[in-house]
>>> print(open('query_0.tsv').read())   # TSV, C-alpha atoms
chain	number	residue	atom	x	y	z
A	20	MET	CA	51.51	4.81	-36.49
A	21	ILE	CA	55.20	4.21	-37.18
A	22	GLU	CA	56.87	7.38	-38.47
A	23	VAL	CA	60.00	7.37	-40.66
A	24	HIS	CA	61.75	10.73	-40.72
A	25	HIS	CA	63.39	10.77	-44.12
A	26	LEU	CA	65.97	13.04	-45.72
A	27	ASN	CA	66.25	13.28	-49.50
A	28	ALA	CA	69.36	11.61	-51.03
A	29	SER	CA	70.04	9.63	-47.84
A	30	ARG	CA	70.06	6.09	-46.55
A	31	SER	CA	66.44	6.14	-45.32
A	32	ARG	CA	65.07	3.95	-48.11
A	33	ARG	CA	66.29	0.82	-46.34
A	34	ILE	CA	63.77	1.46	-43.58
A	35	THR	CA	60.77	2.08	-45.80
A	36	TRP	CA	61.70	-0.99	-47.86
A	37	LEU	CA	61.80	-3.17	-44.73
A	38	LEU	CA	58.46	-1.75	-43.58
A	39	GLU	CA	57.01	-2.74	-46.97
A	40	GLU	CA	58.51	-6.25	-46.65
A	41	LEU	CA	56.83	-6.53	-43.23
A	42	GLY	CA	53.55	-5.17	-44.57
A	43	LEU	CA	53.37	-2.60	-41.78
A	44	PRO	CA	51.54	0.72	-42.10
A	45	TYR	CA	53.84	3.73	-41.73
A	46	GLU	CA	54.04	7.42	-42.41
A	47	VAL	CA	57.02	9.15	-44.04
A	48	VAL	CA	57.97	12.63	-42.83
A	49	CYS	CA	60.20	14.22	-45.48
A	50	TYR	CA	63.02	16.72	-45.03
A	51	GLN	CA	65.08	18.40	-47.75
A	52	ARG	CA	68.82	19.12	-47.64
A	53	ASP	CA	69.93	22.74	-47.92
A	54	PRO	CA	70.52	23.14	-51.70
A	55	VAL	CA	73.72	25.16	-51.12
A	56	THR	CA	75.44	23.41	-48.19
A	57	ASN	CA	73.89	19.95	-48.81
A	58	LEU	CA	73.40	19.72	-45.04
A	59	ALA	CA	70.33	18.33	-43.28
A	60	PRO	CA	67.87	21.06	-42.28
A	61	PRO	CA	67.68	22.19	-38.62
A	62	GLU	CA	64.09	20.87	-38.41
A	63	LEU	CA	65.48	17.35	-38.13
A	64	LYS	CA	66.88	18.31	-34.72
A	65	ALA	CA	63.32	18.65	-33.43
A	66	ILE	CA	62.83	14.90	-33.73
A	67	HIS	CA	66.36	13.95	-32.58
A	68	PRO	CA	69.09	16.33	-31.34
A	69	LEU	CA	71.75	14.87	-33.65
A	70	GLY	CA	69.78	16.12	-36.66
A	71	LYS	CA	70.39	12.96	-38.76
A	72	ALA	CA	68.13	10.70	-40.81
A	73	PRO	CA	66.62	8.18	-40.75
A	74	VAL	CA	64.84	8.48	-37.43
A	75	LEU	CA	62.07	6.07	-36.44
A	76	ARG	CA	59.31	7.09	-34.03
A	77	ASP	CA	57.17	4.29	-32.67
A	78	ARG	CA	55.27	3.70	-29.44
A	79	GLY	CA	56.80	6.79	-27.84
A	80	GLN	CA	60.36	5.77	-28.67
A	81	VAL	CA	62.66	7.70	-31.01
A	82	LEU	CA	65.36	5.51	-32.57
A	83	ILE	CA	68.40	6.39	-34.68
A	84	GLU	CA	70.97	4.22	-36.53
A	85	SER	CA	69.78	2.21	-39.54
A	86	GLY	CA	71.20	-1.06	-38.21
A	87	ALA	CA	69.44	-0.63	-34.87
A	88	ILE	CA	66.18	0.38	-36.55
A	89	VAL	CA	66.25	-2.69	-38.83
A	90	ASP	CA	66.89	-4.93	-35.83
A	91	TYR	CA	64.17	-3.20	-33.79
A	92	LEU	CA	61.54	-3.64	-36.50
A	93	LEU	CA	62.36	-7.33	-36.92
A	94	ARG	CA	62.42	-8.04	-33.18
A	95	ARG	CA	59.20	-6.11	-32.58
A	96	TYR	CA	57.16	-6.93	-35.67
A	97	GLY	CA	58.98	-9.64	-37.64
A	98	ALA	CA	57.36	-12.70	-36.04
A	99	GLY	CA	60.49	-14.60	-37.10
A	100	ARG	CA	60.65	-13.26	-40.65
A	101	PHE	CA	63.93	-11.90	-42.09
A	102	ILE	CA	65.92	-12.79	-38.98
A	103	PRO	CA	67.76	-16.05	-38.22
A	104	VAL	CA	66.81	-18.14	-35.22
A	105	PRO	CA	68.47	-16.75	-32.05
A	106	GLU	CA	71.46	-18.77	-30.80
A	107	SER	CA	72.22	-20.03	-34.33
A	108	VAL	CA	75.49	-19.39	-36.16
A	109	ASP	CA	73.39	-17.59	-38.79
A	110	TYR	CA	72.15	-15.19	-36.12
A	111	ASP	CA	75.77	-14.32	-35.23
A	112	ARG	CA	76.42	-13.71	-38.92
A	113	TYR	CA	73.30	-11.54	-39.20
A	114	VAL	CA	74.41	-9.33	-36.28
A	115	GLN	CA	77.95	-9.09	-37.63
A	116	LEU	CA	76.81	-7.95	-41.09
A	117	LEU	CA	74.26	-5.57	-39.59
A	118	HIS	CA	77.16	-3.82	-37.83
A	119	TYR	CA	79.61	-4.16	-40.68
A	120	ALA	CA	77.60	-2.07	-43.19
A	121	GLU	CA	77.90	1.26	-41.37
A	122	GLY	CA	80.68	0.32	-38.94
A	123	SER	CA	83.24	-0.49	-41.65
A	124	ALA	CA	82.09	-0.73	-45.26
A	125	MET	CA	80.75	2.83	-45.52
A	126	LEU	CA	83.88	4.47	-44.12
A	127	PRO	CA	86.08	4.54	-47.26
A	128	LEU	CA	83.05	5.47	-49.39
A	129	LEU	CA	82.31	8.45	-47.14
A	130	LEU	CA	86.00	9.38	-47.07
A	131	LYS	CA	85.96	9.44	-50.87
A	132	LEU	CA	82.90	11.70	-50.83
A	133	TYR	CA	84.38	14.17	-48.33
A	134	VAL	CA	87.96	14.19	-49.62
A	135	GLY	CA	86.60	14.53	-53.17
A	136	ARG	CA	85.36	18.00	-52.19
A	137	LEU	CA	89.00	19.09	-51.84
A	138	GLY	CA	89.68	18.42	-55.53
A	139	ALA	CA	93.36	18.03	-56.40
A	140	ALA	CA	94.36	18.93	-52.81
A	141	GLY	CA	92.96	15.59	-51.64
A	142	MET	CA	95.00	13.50	-54.10
A	143	PRO	CA	97.53	12.12	-51.57
A	144	LEU	CA	94.69	10.25	-49.83
A	145	HIS	CA	93.13	8.72	-52.94
A	146	PRO	CA	95.31	5.59	-53.34
A	147	ARG	CA	94.64	4.49	-49.76
A	148	ILE	CA	90.90	5.25	-50.02
A	149	GLU	CA	90.55	3.39	-53.35
A	150	SER	CA	92.46	0.42	-51.99
A	151	GLU	CA	90.14	0.25	-48.95
A	152	ILE	CA	87.04	0.51	-51.14
A	153	GLN	CA	88.30	-2.41	-53.24
A	154	ASN	CA	89.10	-4.34	-50.06
A	155	HIS	CA	85.57	-3.97	-48.66
A	156	LEU	CA	83.58	-4.32	-51.88
A	157	GLY	CA	85.71	-7.27	-52.97
A	158	TRP	CA	85.09	-9.03	-49.66
A	159	LEU	CA	81.35	-8.37	-49.81
A	160	ASP	CA	81.25	-9.69	-53.37
A	161	SER	CA	83.08	-12.87	-52.31
A	162	GLU	CA	80.66	-13.37	-49.40
A	163	LEU	CA	77.81	-13.68	-51.92
A	164	ALA	CA	79.49	-16.49	-53.87
A	165	GLY	CA	77.02	-19.37	-53.86
A	166	ARG	CA	74.44	-17.42	-51.82
A	167	ALA	CA	71.36	-15.51	-52.98
A	168	TYR	CA	71.46	-13.32	-49.87
A	169	PHE	CA	74.18	-12.48	-47.35
A	170	VAL	CA	73.14	-14.95	-44.67
A	171	GLY	CA	71.79	-17.68	-46.95
A	172	SER	CA	68.94	-18.36	-49.35
A	173	GLU	CA	66.42	-16.02	-47.72
A	174	LEU	CA	66.34	-12.24	-47.27
A	175	THR	CA	67.31	-11.00	-43.80
A	176	GLY	CA	67.74	-7.59	-42.20
A	177	ALA	CA	71.46	-7.84	-43.01
A	178	ASP	CA	70.63	-7.64	-46.73
A	179	VAL	CA	68.46	-4.59	-46.13
A	180	GLN	CA	71.28	-2.95	-44.20
A	181	LEU	CA	73.94	-3.86	-46.81
A	182	SER	CA	71.78	-2.91	-49.81
A	183	PHE	CA	73.01	0.70	-49.80
A	184	VAL	CA	76.68	-0.35	-49.98
A	185	ALA	CA	75.89	-2.89	-52.70
A	186	GLN	CA	74.07	-0.26	-54.76
A	187	ILE	CA	77.03	2.10	-54.46
A	188	ALA	CA	79.37	-0.74	-55.48
A	189	VAL	CA	77.44	-1.31	-58.68
A	190	ARG	CA	77.41	2.40	-59.47
A	191	PHE	CA	81.06	2.82	-58.45
A	192	GLY	CA	82.60	-0.16	-60.19
A	193	GLY	CA	80.10	-0.78	-62.94
A	194	ARG	CA	78.03	-3.92	-63.38
A	195	GLU	CA	81.10	-6.00	-64.37
A	196	ALA	CA	83.40	-5.23	-61.45
A	197	PHE	CA	81.42	-7.05	-58.74
A	198	ALA	CA	79.30	-9.72	-60.41
A	199	ASN	CA	77.79	-11.13	-57.22
A	200	LEU	CA	76.91	-7.71	-55.82
A	201	THR	CA	75.34	-6.77	-59.16
A	202	ALA	CA	73.17	-9.90	-59.15
A	203	PHE	CA	72.23	-9.17	-55.52
A	204	VAL	CA	71.18	-5.59	-56.33
A	205	ASP	CA	69.10	-6.83	-59.27
A	206	ARG	CA	67.51	-9.43	-56.99
A	207	ILE	CA	66.51	-7.01	-54.23
A	208	GLU	CA	65.34	-4.26	-56.58
A	209	ALA	CA	63.03	-6.79	-58.29
A	210	ARG	CA	61.26	-7.63	-55.02
A	211	PRO	CA	57.65	-6.38	-54.95
A	212	ALA	CA	58.21	-4.59	-51.63
A	213	TYR	CA	61.17	-2.68	-53.07
A	214	GLN	CA	59.15	-1.83	-56.15
A	215	ARG	CA	56.39	-0.41	-53.95
A	216	VAL	CA	58.87	1.95	-52.29
A	217	VAL	CA	60.15	3.11	-55.67
A	218	ALA	CA	56.59	3.67	-56.86
A	219	ARG	CA	55.83	5.63	-53.71
A	220	SER	CA	58.97	7.78	-53.56
A	221	GLY	CA	60.56	7.80	-57.02
A	222	ALA	CA	63.61	5.87	-58.26
B	22	MET	CA	89.94	-21.05	-25.98
B	23	ILE	CA	88.64	-17.66	-27.16
B	24	GLU	CA	91.25	-15.85	-29.23
B	25	VAL	CA	91.37	-12.07	-29.63
B	26	HIS	CA	93.45	-10.95	-32.59
B	27	HIS	CA	94.73	-7.58	-31.51
B	28	LEU	CA	96.52	-4.78	-33.37
B	29	ASN	CA	98.61	-2.24	-31.46
B	30	ALA	CA	97.08	1.27	-31.17
B	31	SER	CA	93.63	0.03	-32.18
B	32	ARG	CA	90.18	-0.44	-30.74
B	33	SER	CA	90.74	-4.02	-29.59
B	34	ARG	CA	90.96	-3.17	-25.89
B	35	ARG	CA	87.18	-3.04	-25.64
B	36	ILE	CA	87.04	-6.76	-26.30
B	37	THR	CA	89.71	-7.80	-23.79
B	38	TRP	CA	88.09	-5.52	-21.20
B	39	LEU	CA	84.70	-7.19	-21.72
B	40	LEU	CA	86.30	-10.63	-21.50
B	41	GLU	CA	87.81	-9.58	-18.15
B	42	GLU	CA	84.40	-8.29	-16.97
B	43	LEU	CA	82.91	-11.67	-17.87
B	44	GLY	CA	85.76	-13.54	-16.19
B	45	LEU	CA	86.36	-15.64	-19.32
B	46	PRO	CA	89.72	-17.17	-20.20
B	47	TYR	CA	91.13	-15.88	-23.48
B	48	GLU	CA	94.30	-15.64	-25.47
B	49	VAL	CA	95.53	-12.46	-27.19
B	50	VAL	CA	97.30	-12.77	-30.55
B	51	CYS	CA	99.20	-9.53	-31.17
B	52	TYR	CA	100.00	-7.84	-34.48
B	53	GLN	CA	102.08	-4.70	-35.04
B	54	ARG	CA	101.35	-1.92	-37.53
B	55	ASP	CA	103.96	-1.21	-40.18
B	56	PRO	CA	106.09	1.53	-38.55
B	57	VAL	CA	106.32	3.50	-41.82
B	58	THR	CA	102.83	3.20	-43.35
B	59	ASN	CA	100.96	2.69	-40.04
B	60	LEU	CA	98.93	-0.01	-41.83
B	61	ALA	CA	97.92	-3.35	-40.36
B	62	PRO	CA	100.33	-6.16	-41.32
B	63	PRO	CA	99.33	-8.66	-44.03
B	64	GLU	CA	99.39	-11.47	-41.44
B	65	LEU	CA	96.01	-10.24	-40.17
B	66	LYS	CA	94.50	-11.33	-43.49
B	67	ALA	CA	95.25	-14.94	-42.57
B	68	ILE	CA	92.64	-14.82	-39.81
B	69	HIS	CA	90.12	-12.67	-41.77
B	70	PRO	CA	90.44	-11.51	-45.42
B	71	LEU	CA	89.63	-7.88	-44.56
B	72	GLY	CA	92.85	-7.66	-42.54
B	73	LYS	CA	91.29	-5.61	-39.72
B	74	ALA	CA	91.37	-5.92	-35.93
B	75	PRO	CA	89.86	-6.91	-33.60
B	76	VAL	CA	88.92	-10.38	-34.75
B	77	LEU	CA	87.43	-12.94	-32.39
B	78	ARG	CA	87.86	-16.67	-32.95
B	79	ASP	CA	85.65	-18.92	-30.86
B	80	ARG	CA	84.11	-22.36	-31.36
B	81	GLY	CA	85.16	-22.42	-35.02
B	82	GLN	CA	83.63	-19.02	-35.79
B	83	VAL	CA	85.64	-15.97	-36.85
B	84	LEU	CA	83.86	-12.71	-36.02
B	85	ILE	CA	84.66	-9.11	-36.95
B	86	GLU	CA	83.09	-5.77	-35.90
B	87	SER	CA	83.51	-4.65	-32.29
B	88	GLY	CA	79.79	-4.07	-31.80
B	89	ALA	CA	78.92	-7.54	-33.07
B	90	ILE	CA	81.69	-9.15	-30.98
B	91	VAL	CA	80.49	-7.40	-27.81
B	92	ASP	CA	76.93	-8.56	-28.49
B	93	TYR	CA	78.09	-12.10	-29.30
B	94	LEU	CA	80.06	-12.44	-26.07
B	95	LEU	CA	77.13	-11.20	-23.98
B	96	ARG	CA	74.58	-13.41	-25.73
B	97	ARG	CA	76.82	-16.46	-25.57
B	98	TYR	CA	78.49	-16.06	-22.18
B	99	GLY	CA	76.81	-13.18	-20.35
B	100	ALA	CA	74.11	-15.17	-18.52
B	101	GLY	CA	72.17	-11.89	-18.40
B	102	ARG	CA	75.03	-9.70	-17.24
B	103	PHE	CA	75.78	-6.38	-18.98
B	104	ILE	CA	72.77	-6.66	-21.29
B	105	PRO	CA	69.21	-5.39	-20.71
B	106	VAL	CA	66.29	-7.80	-20.64
B	107	PRO	CA	65.15	-8.59	-24.21
B	108	GLU	CA	61.93	-6.85	-25.27
B	109	SER	CA	62.58	-3.96	-22.86
B	110	VAL	CA	62.97	-0.33	-23.92
B	111	ASP	CA	66.45	-0.52	-22.38
B	112	TYR	CA	67.32	-3.34	-24.79
B	113	ASP	CA	66.33	-1.15	-27.76
B	114	ARG	CA	68.55	1.58	-26.32
B	115	TYR	CA	71.43	-0.88	-25.86
B	116	VAL	CA	71.25	-2.02	-29.51
B	117	GLN	CA	70.98	1.57	-30.74
B	118	LEU	CA	74.07	2.70	-28.83
B	119	LEU	CA	76.00	-0.42	-29.83
B	120	HIS	CA	75.47	0.60	-33.47
B	121	TYR	CA	75.91	4.32	-32.90
B	122	ALA	CA	79.52	4.08	-31.67
B	123	GLU	CA	81.06	2.91	-34.95
B	124	GLY	CA	78.13	3.67	-37.25
B	125	SER	CA	78.08	7.42	-36.53
B	126	ALA	CA	80.19	8.76	-33.66
B	127	MET	CA	83.54	7.57	-35.00
B	128	LEU	CA	83.06	8.99	-38.51
B	129	PRO	CA	84.05	12.64	-37.88
B	130	LEU	CA	86.90	11.51	-35.61
B	131	LEU	CA	88.27	9.27	-38.37
B	132	LEU	CA	87.75	12.02	-40.95
B	133	LYS	CA	89.82	14.34	-38.75
B	134	LEU	CA	92.56	11.72	-38.56
B	135	TYR	CA	92.70	11.11	-42.32
B	136	VAL	CA	92.21	14.71	-43.49
B	137	GLY	CA	94.81	15.80	-40.91
B	138	ARG	CA	97.42	13.93	-42.96
B	139	LEU	CA	96.87	16.46	-45.76
B	140	GLY	CA	98.09	19.32	-43.55
B	141	ALA	CA	97.03	22.77	-44.79
B	142	ALA	CA	95.49	21.26	-47.94
B	143	GLY	CA	92.73	19.75	-45.81
B	144	MET	CA	91.74	23.04	-44.16
B	145	PRO	CA	88.48	23.56	-46.11
B	146	LEU	CA	87.02	20.45	-44.48
B	147	HIS	CA	88.00	21.29	-40.90
B	148	PRO	CA	85.05	23.52	-39.90
B	149	ARG	CA	82.51	20.88	-40.93
B	150	ILE	CA	84.47	18.06	-39.27
B	151	GLU	CA	84.91	19.99	-36.01
B	152	SER	CA	81.23	20.92	-35.97
B	153	GLU	CA	80.24	17.25	-36.41
B	154	ILE	CA	82.65	16.17	-33.65
B	155	GLN	CA	81.07	18.69	-31.30
B	156	ASN	CA	77.60	17.54	-32.36
B	157	HIS	CA	78.30	13.88	-31.53
B	158	LEU	CA	80.40	14.35	-28.39
B	159	GLY	CA	77.96	16.95	-27.07
B	160	TRP	CA	75.04	14.58	-27.57
B	161	LEU	CA	76.87	11.68	-25.91
B	162	ASP	CA	77.76	13.93	-22.98
B	163	SER	CA	74.11	14.98	-22.62
B	164	GLU	CA	72.97	11.34	-22.70
B	165	LEU	CA	75.00	10.70	-19.53
B	166	ALA	CA	73.28	13.47	-17.55
B	167	GLY	CA	71.86	11.78	-14.47
B	168	ARG	CA	73.15	8.33	-15.48
B	169	ALA	CA	76.27	6.47	-14.37
B	170	TYR	CA	76.29	4.43	-17.58
B	171	PHE	CA	74.72	4.94	-21.01
B	172	VAL	CA	71.71	2.69	-20.48
B	173	GLY	CA	71.23	3.26	-16.75
B	174	SER	CA	72.90	2.60	-13.43
B	175	GLU	CA	74.73	-0.58	-14.49
B	176	LEU	CA	77.46	-1.27	-17.03
B	177	THR	CA	76.27	-2.76	-20.34
B	178	GLY	CA	77.95	-3.72	-23.60
B	179	ALA	CA	76.94	-0.29	-24.95
B	180	ASP	CA	79.36	1.33	-22.47
B	181	VAL	CA	82.13	-1.00	-23.56
B	182	GLN	CA	81.47	-0.14	-27.19
B	183	LEU	CA	81.25	3.64	-26.52
B	184	SER	CA	84.30	3.72	-24.22
B	185	PHE	CA	86.71	4.35	-27.10
B	186	VAL	CA	84.77	7.41	-28.31
B	187	ALA	CA	84.49	8.70	-24.72
B	188	GLN	CA	88.22	8.33	-24.18
B	189	ILE	CA	88.94	10.25	-27.40
B	190	ALA	CA	86.48	12.96	-26.29
B	191	VAL	CA	88.35	13.48	-23.04
B	192	ARG	CA	91.69	13.62	-24.86
B	193	PHE	CA	90.26	15.81	-27.65
B	194	GLY	CA	88.36	18.36	-25.60
B	195	GLY	CA	90.15	18.17	-22.31
B	196	ARG	CA	88.64	17.09	-19.02
B	197	GLU	CA	86.53	20.27	-18.77
B	198	ALA	CA	84.80	20.20	-22.18
B	199	PHE	CA	82.61	17.14	-21.59
B	200	ALA	CA	82.11	16.74	-17.84
B	201	ASN	CA	79.82	13.72	-18.01
B	202	LEU	CA	82.04	11.85	-20.47
B	203	THR	CA	85.06	12.61	-18.28
B	204	ALA	CA	83.32	11.20	-15.21
B	205	PHE	CA	82.28	8.16	-17.26
B	206	VAL	CA	85.85	7.52	-18.44
B	207	ASP	CA	87.14	7.83	-14.87
B	208	ARG	CA	84.42	5.39	-13.76
B	209	ILE	CA	85.17	2.70	-16.34
B	210	GLU	CA	88.94	3.00	-16.05
B	211	ALA	CA	88.65	2.49	-12.27
B	212	ARG	CA	86.85	-0.83	-12.70
B	213	PRO	CA	88.98	-3.81	-11.58
B	214	ALA	CA	88.43	-5.60	-14.93
B	215	TYR	CA	89.70	-2.56	-16.85
B	216	GLN	CA	92.67	-2.30	-14.49
B	217	ARG	CA	93.53	-5.93	-15.17
B	218	VAL	CA	93.66	-5.25	-18.93
B	219	VAL	CA	95.94	-2.27	-18.36
B	220	ALA	CA	98.20	-4.35	-16.11
B	221	ARG	CA	98.33	-7.07	-18.76
B	222	SER	CA	98.88	-4.91	-21.83
B	223	GLY	CA	100.22	-1.53	-20.68
B	224	ALA	CA	98.40	1.82	-20.38
>>> encode(input="query_0.tsv", output="structure tokens")
Amino acid sequence: MIEVHHLNASRSRRITWLLEELGLPYEVVCYQRDPVTNLAPPELKAIHPLGKAPVLRDRGQVLIESGAIVDYLLRRYGAGRFIPVPESVDYDRYVQLLHYAEGSAMLPLLLKLYVGRLGAAGMPLHPRIESEIQNHLGWLDSELAGRAYFVGSELTGADVQLSFVAQIAVRFGGREAFANLTAFVDRIEARPAYQRVVARSGA
Amino acid sequence: MIEVHHLNASRSRRITWLLEELGLPYEVVCYQRDPVTNLAPPELKAIHPLGKAPVLRDRGQVLIESGAIVDYLLRRYGAGRFIPVPESVDYDRYVQLLHYAEGSAMLPLLLKLYVGRLGAAGMPLHPRIESEIQNHLGWLDSELAGRAYFVGSELTGADVQLSFVAQIAVRFGGREAFANLTAFVDRIEARPAYQRVVARSGA
């Protein structure tokens, strides 16, 4: 069976949500962060030497990287669902957004998290970080103008991959700041598959 | 003709190198960072609202994200070169590494760059950042044990995408610290296509 190695307070929910959308059976193996350091526990290194989550184990393969795992599940099990037709312009857009989520959009959000730990000592970096967060979240919001989902009218893996950034945007800027992202988050969180993950793992 | 919008001292070289490997004609549109702020110039926003480089313009499409651009060029123009056969385990590995470069490996290197600007005030974050850099570069080095390239014996887009991290590793740790990454960097930089990019744009 497909195994999802999951760390609490991490980005693993995207994978379990997609597995629910696909209706695939899977098993979740849970890990807890160290309550003092907030770091992932060393046990995660037993499944993959980098010690990160999520990790997918399936058919003897061990895969890391959320974007690659989303793409793997759709290629292997999607039967054409949630992925544009290959060689279409929409497919190029899907791949681009799949990379963009962790390759660019998350960077200023993670910088804010890390630099925030320095307290006042990190202040000189804040204006640049805030400006980059606005740049990325503003662009994502504008990309949803006139679209229900990031590629078009139907859910794709790109939405699953971008959901984490969108949820942070709504928490970060409030429901008013990014109206399209807010509507998108409401839309995905209302999906029955998403609701099943919440019921299974807690909000 | 394919246009590569290129910013000085950035990660755009991967794209021109791949275009040289594919033997495709292309045009480079150059932008210069602001010499005081080191930021990208506002003119980049005319080609893409995020104002980042590299940007590819081809057949009316404007594409961002190095990993997505590499994959696009190989799907569209590769004719099977530099990309594993779809539905193979090597293809899954190729996609995973394409995402890993910017989705994970670059994060601690960029954190080091940003937090370094704080000088002594950033010191509390250094041990964690250095430990994460060692974690990622050490894993990448181990993945090259017994392999000429990251997927196998032939160059793929994953090598192009990971080349920037590998080059930083060699500069960061010295040629002794990561022997496999050093050999890999020597191997790619000796390729005629890479040499042509250097001759065209400077070392």
>>> interface_residues(input="query_0.tsv", of="chain B", to="chain A", cutoff="6 Å", atoms="only C-alpha atoms", output="PyMOL selection string")
chain B and resi 89+116-117+123-124+142
>>> residues_near_point(input="query_0.tsv", point="(59.2, 13.8, -46.1)", cutoff="8 Å", atoms="only C-alpha atoms", output="MDAnalysis selection string")
chainID A and resid 24:27 47:51
>>> residues_around(input="query_0.tsv", residues="Ala167 of chain A", least_positions_apart="3", cutoff="9 Å", atoms="all atoms listed in the file", output="PDB file with C-alpha atoms, in the frame of the given file")
ATOM      1  CA  LEU A 163      77.810 -13.680 -51.920  1.00  0.00           C
ATOM      2  CA  ALA A 164      79.490 -16.490 -53.870  1.00  0.00           C
ATOM      3  CA  VAL A 170      73.140 -14.950 -44.670  1.00  0.00           C
ATOM      4  CA  GLY A 171      71.790 -17.680 -46.950  1.00  0.00           C
ATOM      5  CA  SER A 172      68.940 -18.360 -49.350  1.00  0.00           C
ATOM      6  CA  GLU A 173      66.420 -16.020 -47.720  1.00  0.00           C
ATOM      7  CA  LEU A 174      66.340 -12.240 -47.270  1.00  0.00           C
ATOM      8  CA  ASN A 199      77.790 -11.130 -57.220  1.00  0.00           C
ATOM      9  CA  ALA A 202      73.170  -9.900 -59.150  1.00  0.00           C
ATOM     10  CA  PHE A 203      72.230  -9.170 -55.520  1.00  0.00           C
ATOM     11  CA  ARG A 206      67.510  -9.430 -56.990  1.00  0.00           C
TER      12      ARG A 206
END
>>> atom_distance(input="query_0.tsv", atom1="atom CA of Gly137 of chain B", atom2="atom CA of Glu149 of chain A")
18.1 Å
>>> atom_distance(input="query_0.tsv", atom1="atom CA of Asn57 of chain A", atom2="atom CA of Ser29 of chain A")
11.1 Å
>>> atom_distance(input="query_0.tsv", atom1="atom CA of Ala196 of chain A", atom2="atom CA of Leu60 of chain B")
25.6 Å
>>> decode(input="query_0.tsv", residues="segment 203-217 of chain B", atoms="N, CA and C atoms", output="PDB file, in the first residue's frame")
ATOM      1  N   THR B 203      32.368  17.763  -6.925  1.00  0.00           N
ATOM      2  CA  THR B 203      33.481  18.419  -7.619  1.00  0.00           C
ATOM      3  C   THR B 203      33.733  17.761  -8.971  1.00  0.00           C
ATOM      4  N   ALA B 204      33.742  16.433  -8.988  1.00  0.00           N
ATOM      5  CA  ALA B 204      33.957  15.722 -10.260  1.00  0.00           C
ATOM      6  C   ALA B 204      32.815  16.007 -11.230  1.00  0.00           C
ATOM      7  N   PHE B 205      31.604  16.102 -10.697  1.00  0.00           N
ATOM      8  CA  PHE B 205      30.428  16.404 -11.526  1.00  0.00           C
ATOM      9  C   PHE B 205      30.549  17.797 -12.147  1.00  0.00           C
ATOM     10  N   VAL B 206      30.937  18.776 -11.333  1.00  0.00           N
ATOM     11  CA  VAL B 206      31.082  20.146 -11.846  1.00  0.00           C
ATOM     12  C   VAL B 206      32.169  20.194 -12.923  1.00  0.00           C
ATOM     13  N   ASP B 207      33.286  19.514 -12.675  1.00  0.00           N
ATOM     14  CA  ASP B 207      34.342  19.472 -13.698  1.00  0.00           C
ATOM     15  C   ASP B 207      33.800  18.855 -14.998  1.00  0.00           C
ATOM     16  N   ARG B 208      32.983  17.802 -14.843  1.00  0.00           N
ATOM     17  CA  ARG B 208      32.444  17.073 -15.999  1.00  0.00           C
ATOM     18  C   ARG B 208      31.498  17.958 -16.821  1.00  0.00           C
ATOM     19  N   ILE B 209      30.604  18.654 -16.141  1.00  0.00           N
ATOM     20  CA  ILE B 209      29.640  19.472 -16.907  1.00  0.00           C
ATOM     21  C   ILE B 209      30.320  20.698 -17.505  1.00  0.00           C
ATOM     22  N   GLU B 210      31.259  21.284 -16.768  1.00  0.00           N
ATOM     23  CA  GLU B 210      31.901  22.502 -17.276  1.00  0.00           C
ATOM     24  C   GLU B 210      32.840  22.202 -18.443  1.00  0.00           C
ATOM     25  N   ALA B 211      33.215  20.925 -18.595  1.00  0.00           N
ATOM     26  CA  ALA B 211      34.067  20.531 -19.734  1.00  0.00           C
ATOM     27  C   ALA B 211      33.252  20.236 -20.984  1.00  0.00           C
ATOM     28  N   ARG B 212      31.941  20.169 -20.856  1.00  0.00           N
ATOM     29  CA  ARG B 212      31.113  19.843 -22.025  1.00  0.00           C
ATOM     30  C   ARG B 212      31.179  20.974 -23.063  1.00  0.00           C
ATOM     31  N   PRO B 213      31.283  20.640 -24.341  1.00  0.00           N
ATOM     32  CA  PRO B 213      31.380  21.689 -25.367  1.00  0.00           C
ATOM     33  C   PRO B 213      30.241  22.705 -25.303  1.00  0.00           C
ATOM     34  N   ALA B 214      29.007  22.246 -25.001  1.00  0.00           N
ATOM     35  CA  ALA B 214      27.871  23.179 -24.942  1.00  0.00           C
ATOM     36  C   ALA B 214      28.057  24.182 -23.807  1.00  0.00           C
ATOM     37  N   TYR B 215      28.555  23.691 -22.663  1.00  0.00           N
ATOM     38  CA  TYR B 215      28.803  24.603 -21.532  1.00  0.00           C
ATOM     39  C   TYR B 215      29.901  25.600 -21.906  1.00  0.00           C
ATOM     40  N   GLN B 216      30.932  25.096 -22.559  1.00  0.00           N
ATOM     41  CA  GLN B 216      32.051  25.963 -22.977  1.00  0.00           C
ATOM     42  C   GLN B 216      31.568  27.055 -23.936  1.00  0.00           C
ATOM     43  N   ARG B 217      30.610  26.710 -24.786  1.00  0.00           N
ATOM     44  CA  ARG B 217      30.102  27.716 -25.716  1.00  0.00           C
ATOM     45  C   ARG B 217      29.373  28.835 -24.987  1.00  0.00           C
TER      46      ARG B 217
END
